[in-house]
Amino acid sequence: MESSFLTAVFLPLALFVIMLGMGLGLKPADFTRVWRYPKAVMIGLFAQVVMLPIVGFILVSSFPLPPELAVGVMVLAACPGGPTSNMVTYLAGGNVALSITLTAISSLITVLTIPLVVNLAMGAFLGEGTSLQLPFLSTVLQIAVITVIPVTLGMVLHRYLPQFATKAERGVKWLSLFLLGLIIVGLLLQQRANVMAFFAQVGLVTLALNVVAMALGYLIATLARLDRPSSTAITLEVGIQNGTLAIAIASAPSLLNQPTLAIPAAIYSLLMFVTGGLFAGWAARQR
């Protein structure tokens with residue numbers, strides 16, 4: 001799979017399908033459910049939007065990473081949530097409604113916060129003189145196009161063709177996992193000469209981001225005395241990042257166009273299924 005086809009055509013298409021699949025399972029109530037779970041939603045959003053980038057910055061500052069990979073980890077930390085966290089929450093016996101609500105709302109908020117976090121990270125790790133930047137307004141519009149529009153389309157289908165949406169959602173979820181796998185394989189093949197070095201350099205920090213975020217999410221939810229299903233949902237929402245969106249931002253020609261920055265997200269996307277599965281198995285046994 002050639003780099004230009006992977007980043008210019010296949011990646012945006014895959015992300016569109018993934019976000020469409022998320023929209024097929026959403027309805028307006030998923031955005032207004034904040035009034036039903038106000039404390040849980042506020043805690044989850046704070047952990048996703050504020051705490052995650054801070055944790056990411058502390059981790060990349062603590063590990064001896066090349067500047068490009070440090071920025072790649074920060075791109076990942078700026079992209080919380082995603083359909084995978086909803087699926088794992090379901091398997092773990094968590095509060096799926098809360099998980100979906102956090103994913104839906106954070107997807108809207110991070111349209112604005114991603115360019116801010118990523119530009120700050122590039123200034124910190126690549127230097128103030130770098131020409132690599134994400135123009136705020138154009139980036140907001142591009143992220144909205146590849147996330148908000150397919151989600152909205154999925155919600156419209158859910159509203160007016162509910163039976164079709166229900167049937168399609170199941171297939172799209174598995175298709176999403178397949179497409180994510182192809183993207184990861186394509187990126188690793190593209191960087192095959194450096195794959196082992198990248199794993200050695202960034203594997204531990206991406207695993208740490210995953211585990212520390214999950215641990216902090218669980219700790220915050222427990223201290224707030226949320227019920228077990230809600231604590232499970234917040235743990236997974238905070239701990240499982242939207243790797244596909246991070247890969248798109250790092251490598252899409254219309255955004256950063258730097259495939260090396262996508263390597264942390266690709267490696268992370270492999271590790272999160274292991275840690276998420278282990279946590280889901282543990283949580284399911286606690287019910």
# chains A, B, ... in the order shown; residues from 1 in each chain; ligands from 1
>>> closest_atom_pairs(of="range 96-157 of chain A", to="range 43-65 of chain A", cutoff="12 Å", atoms="only C-alpha atoms", output="JSON lines")
{"residue": "A:Leu98", "atom": "CA", "partner": "A:Gly44", "partner_atom": "CA", "distance": 9.2}
{"residue": "A:Ser99", "atom": "CA", "partner": "A:Gly44", "partner_atom": "CA", "distance": 9.1}
{"residue": "A:Ile100", "atom": "CA", "partner": "A:Gly44", "partner_atom": "CA", "distance": 11.5}
{"residue": "A:Thr101", "atom": "CA", "partner": "A:Gly44", "partner_atom": "CA", "distance": 9.9}
{"residue": "A:Leu102", "atom": "CA", "partner": "A:Leu45", "partner_atom": "CA", "distance": 6.6}
{"residue": "A:Thr103", "atom": "CA", "partner": "A:Leu45", "partner_atom": "CA", "distance": 9.1}
{"residue": "A:Ala104", "atom": "CA", "partner": "A:Leu45", "partner_atom": "CA", "distance": 10.6}
{"residue": "A:Ile105", "atom": "CA", "partner": "A:Leu45", "partner_atom": "CA", "distance": 8.1}
{"residue": "A:Ser106", "atom": "CA", "partner": "A:Leu45", "partner_atom": "CA", "distance": 6.6}
{"residue": "A:Ser107", "atom": "CA", "partner": "A:Val49", "partner_atom": "CA", "distance": 10.1}
{"residue": "A:Leu108", "atom": "CA", "partner": "A:Val49", "partner_atom": "CA", "distance": 11.0}
{"residue": "A:Ile109", "atom": "CA", "partner": "A:Val49", "partner_atom": "CA", "distance": 8.0}
{"residue": "A:Thr110", "atom": "CA", "partner": "A:Val49", "partner_atom": "CA", "distance": 7.3}
{"residue": "A:Val111", "atom": "CA", "partner": "A:Val49", "partner_atom": "CA", "distance": 11.0}
{"residue": "A:Leu112", "atom": "CA", "partner": "A:Val49", "partner_atom": "CA", "distance": 10.6}
{"residue": "A:Thr113", "atom": "CA", "partner": "A:Val49", "partner_atom": "CA", "distance": 7.7}
{"residue": "A:Ile114", "atom": "CA", "partner": "A:Val49", "partner_atom": "CA", "distance": 9.3}
{"residue": "A:Leu116", "atom": "CA", "partner": "A:Pro53", "partner_atom": "CA", "distance": 10.7}
{"residue": "A:Val117", "atom": "CA", "partner": "A:Pro53", "partner_atom": "CA", "distance": 7.3}
{"residue": "A:Val118", "atom": "CA", "partner": "A:Pro53", "partner_atom": "CA", "distance": 9.5}
{"residue": "A:Leu120", "atom": "CA", "partner": "A:Phe57", "partner_atom": "CA", "distance": 10.3}
{"residue": "A:Ala121", "atom": "CA", "partner": "A:Phe57", "partner_atom": "CA", "distance": 8.0}
{"residue": "A:Met122", "atom": "CA", "partner": "A:Phe57", "partner_atom": "CA", "distance": 11.4}
{"residue": "A:Ala124", "atom": "CA", "partner": "A:Phe57", "partner_atom": "CA", "distance": 9.7}
{"residue": "A:Phe125", "atom": "CA", "partner": "A:Ser61", "partner_atom": "CA", "distance": 9.1}
{"residue": "A:Leu126", "atom": "CA", "partner": "A:Leu65", "partner_atom": "CA", "distance": 11.7}
>>> atom_distance(atom1="CA of Pro150 in chain A", atom2="CA of Leu26 in chain A")
11.6 Å
>>> atom_distance(atom1="CA of Asn86 in chain A", atom2="CA of Tyr160 in chain A")
23.0 Å
>>> select_by_dssp(residues="range 110-145 of chain A", states="helix (DSSP H, G or I)", output="list in words")
Thr110, Val111, Leu112, Thr113, Ile114, Pro115, Leu116, Val117, Val118, Asn119, Leu120, Ala121, Met122, Gly123, Ala124, Phe125, Phe136, Leu137, Ser138, Thr139, Val140, Leu141, Gln142, Ile143, Ala144 and Val145 of chain A
>>> write_last_selection(atoms="N, CA and C atoms", output="short mmCIF file (atom, residue, chain, number, x, y, z; two decimals), in the first residue's frame")
data_model
loop_
_atom_site.label_atom_id
_atom_site.label_comp_id
_atom_site.auth_asym_id
_atom_site.auth_seq_id
_atom_site.Cartn_x
_atom_site.Cartn_y
_atom_site.Cartn_z
N THR A 110 -13.06 18.18 21.08
CA THR A 110 -11.68 18.03 20.59
C THR A 110 -11.48 18.55 19.18
N VAL A 111 -12.56 18.81 18.46
CA VAL A 111 -12.41 19.50 17.18
C VAL A 111 -11.68 20.83 17.41
N LEU A 112 -11.96 21.46 18.54
CA LEU A 112 -11.33 22.74 18.88
C LEU A 112 -10.01 22.58 19.64
N THR A 113 -9.92 21.56 20.51
CA THR A 113 -8.74 21.45 21.37
C THR A 113 -7.55 20.77 20.69
N ILE A 114 -7.79 19.90 19.72
CA ILE A 114 -6.68 19.17 19.07
C ILE A 114 -5.64 20.12 18.47
N PRO A 115 -6.03 21.10 17.63
CA PRO A 115 -4.99 21.98 17.08
C PRO A 115 -4.24 22.77 18.15
N LEU A 116 -4.90 23.13 19.24
CA LEU A 116 -4.22 23.85 20.32
C LEU A 116 -3.17 22.97 20.98
N VAL A 117 -3.54 21.75 21.36
CA VAL A 117 -2.61 20.84 22.04
C VAL A 117 -1.45 20.47 21.12
N VAL A 118 -1.75 20.15 19.87
CA VAL A 118 -0.70 19.71 18.94
C VAL A 118 0.26 20.84 18.63
N ASN A 119 -0.22 22.05 18.43
CA ASN A 119 0.68 23.16 18.15
C ASN A 119 1.57 23.48 19.35
N LEU A 120 1.01 23.39 20.56
CA LEU A 120 1.82 23.60 21.76
C LEU A 120 2.90 22.52 21.86
N ALA A 121 2.54 21.28 21.55
CA ALA A 121 3.51 20.19 21.60
C ALA A 121 4.62 20.38 20.58
N MET A 122 4.27 20.82 19.36
CA MET A 122 5.29 21.03 18.34
C MET A 122 6.23 22.16 18.73
N GLY A 123 5.67 23.20 19.36
CA GLY A 123 6.52 24.28 19.83
C GLY A 123 7.47 23.82 20.93
N ALA A 124 6.97 22.92 21.81
CA ALA A 124 7.77 22.46 22.94
C ALA A 124 8.86 21.47 22.53
N PHE A 125 8.55 20.59 21.58
CA PHE A 125 9.48 19.50 21.26
C PHE A 125 10.23 19.68 19.94
N PHE A 136 -5.23 26.88 12.83
CA PHE A 136 -6.36 26.57 13.72
C PHE A 136 -7.67 26.42 12.97
N LEU A 137 -8.08 27.45 12.23
CA LEU A 137 -9.41 27.43 11.60
C LEU A 137 -9.54 26.34 10.55
N SER A 138 -8.54 26.20 9.69
CA SER A 138 -8.62 25.18 8.64
C SER A 138 -8.57 23.78 9.24
N THR A 139 -7.80 23.61 10.33
CA THR A 139 -7.74 22.31 10.98
C THR A 139 -9.07 21.96 11.63
N VAL A 140 -9.66 22.94 12.30
CA VAL A 140 -10.99 22.72 12.91
C VAL A 140 -11.99 22.27 11.86
N LEU A 141 -11.97 22.95 10.70
CA LEU A 141 -12.91 22.61 9.63
C LEU A 141 -12.62 21.20 9.09
N GLN A 142 -11.34 20.86 8.90
CA GLN A 142 -11.01 19.54 8.36
C GLN A 142 -11.36 18.43 9.34
N ILE A 143 -11.08 18.63 10.62
CA ILE A 143 -11.44 17.61 11.61
C ILE A 143 -12.95 17.46 11.69
N ALA A 144 -13.66 18.59 11.59
CA ALA A 144 -15.12 18.54 11.60
C ALA A 144 -15.64 17.74 10.41
N VAL A 145 -15.03 17.93 9.25
CA VAL A 145 -15.47 17.22 8.04
C VAL A 145 -15.30 15.71 8.20
#
>>> atom_distance(atom1="CA of Val212 in chain A", atom2="CA of Gly94 in chain A")
19.3 Å
>>> residues_around(residues="Met155 in chain A", least_positions_apart="2", cutoff="7 Å", atoms="only C-alpha atoms", output="ChimeraX atom specification")
/A:23-24,26-27,151-153,157-159
>>> write_last_selection(atoms="C-alpha atoms", output="compact mmCIF listing (two decimals), in the first residue's frame")
# COMPACT_ATOMS: atom_id res chain seq x y z
CA GLY A 23 -23.14 7.85 14.36
CA LEU A 24 -25.35 4.90 13.44
CA LEU A 26 -26.15 7.65 18.36
CA LYS A 27 -29.28 9.68 18.92
CA VAL A 151 -21.38 11.06 12.73
CA THR A 152 -24.25 13.38 11.78
CA LEU A 153 -25.00 11.29 8.69
CA LEU A 157 -29.88 7.30 9.21
CA HIS A 158 -30.56 6.14 12.78
CA ARG A 159 -33.44 8.62 13.02
>>> residues_around(residues="Val73 in chain A", least_positions_apart="2", cutoff="9 Å", atoms="only C-alpha atoms", output="VMD selection string")
chain A and resid 56 to 57 60 68 to 71 75 to 78 202 205 to 206 209 261 to 265
>>> residues_around(residues="Tyr37 in chain A", least_positions_apart="2", cutoff="10 Å", atoms="only C-alpha atoms", output="PyMOL selection string")
chain A and resi 32-35+39-42+97-98+101+230
>>> closest_residue(among="A:Leu255, A:Ala283, A:Met22, A:Leu216", to="Gly81 in chain A", atoms="only C-alpha atoms")
A:Met22
>>> closest_residue(among="A:Val88, A:Ile18, A:Thr147, A:Thr275", to="Ile249 in chain A", atoms="only C-alpha atoms")
A:Thr147
>>> closest_residue(among="A:Gly82, A:Gly277, A:Pro28, A:Gly93", to="Asp227 in chain A", atoms="only C-alpha atoms")
A:Gly93
>>> closest_residue(among="A:Leu188, A:Arg36, A:Ile234, A:Ala284", to="Thr222 in chain A", atoms="only C-alpha atoms")
A:Ile234
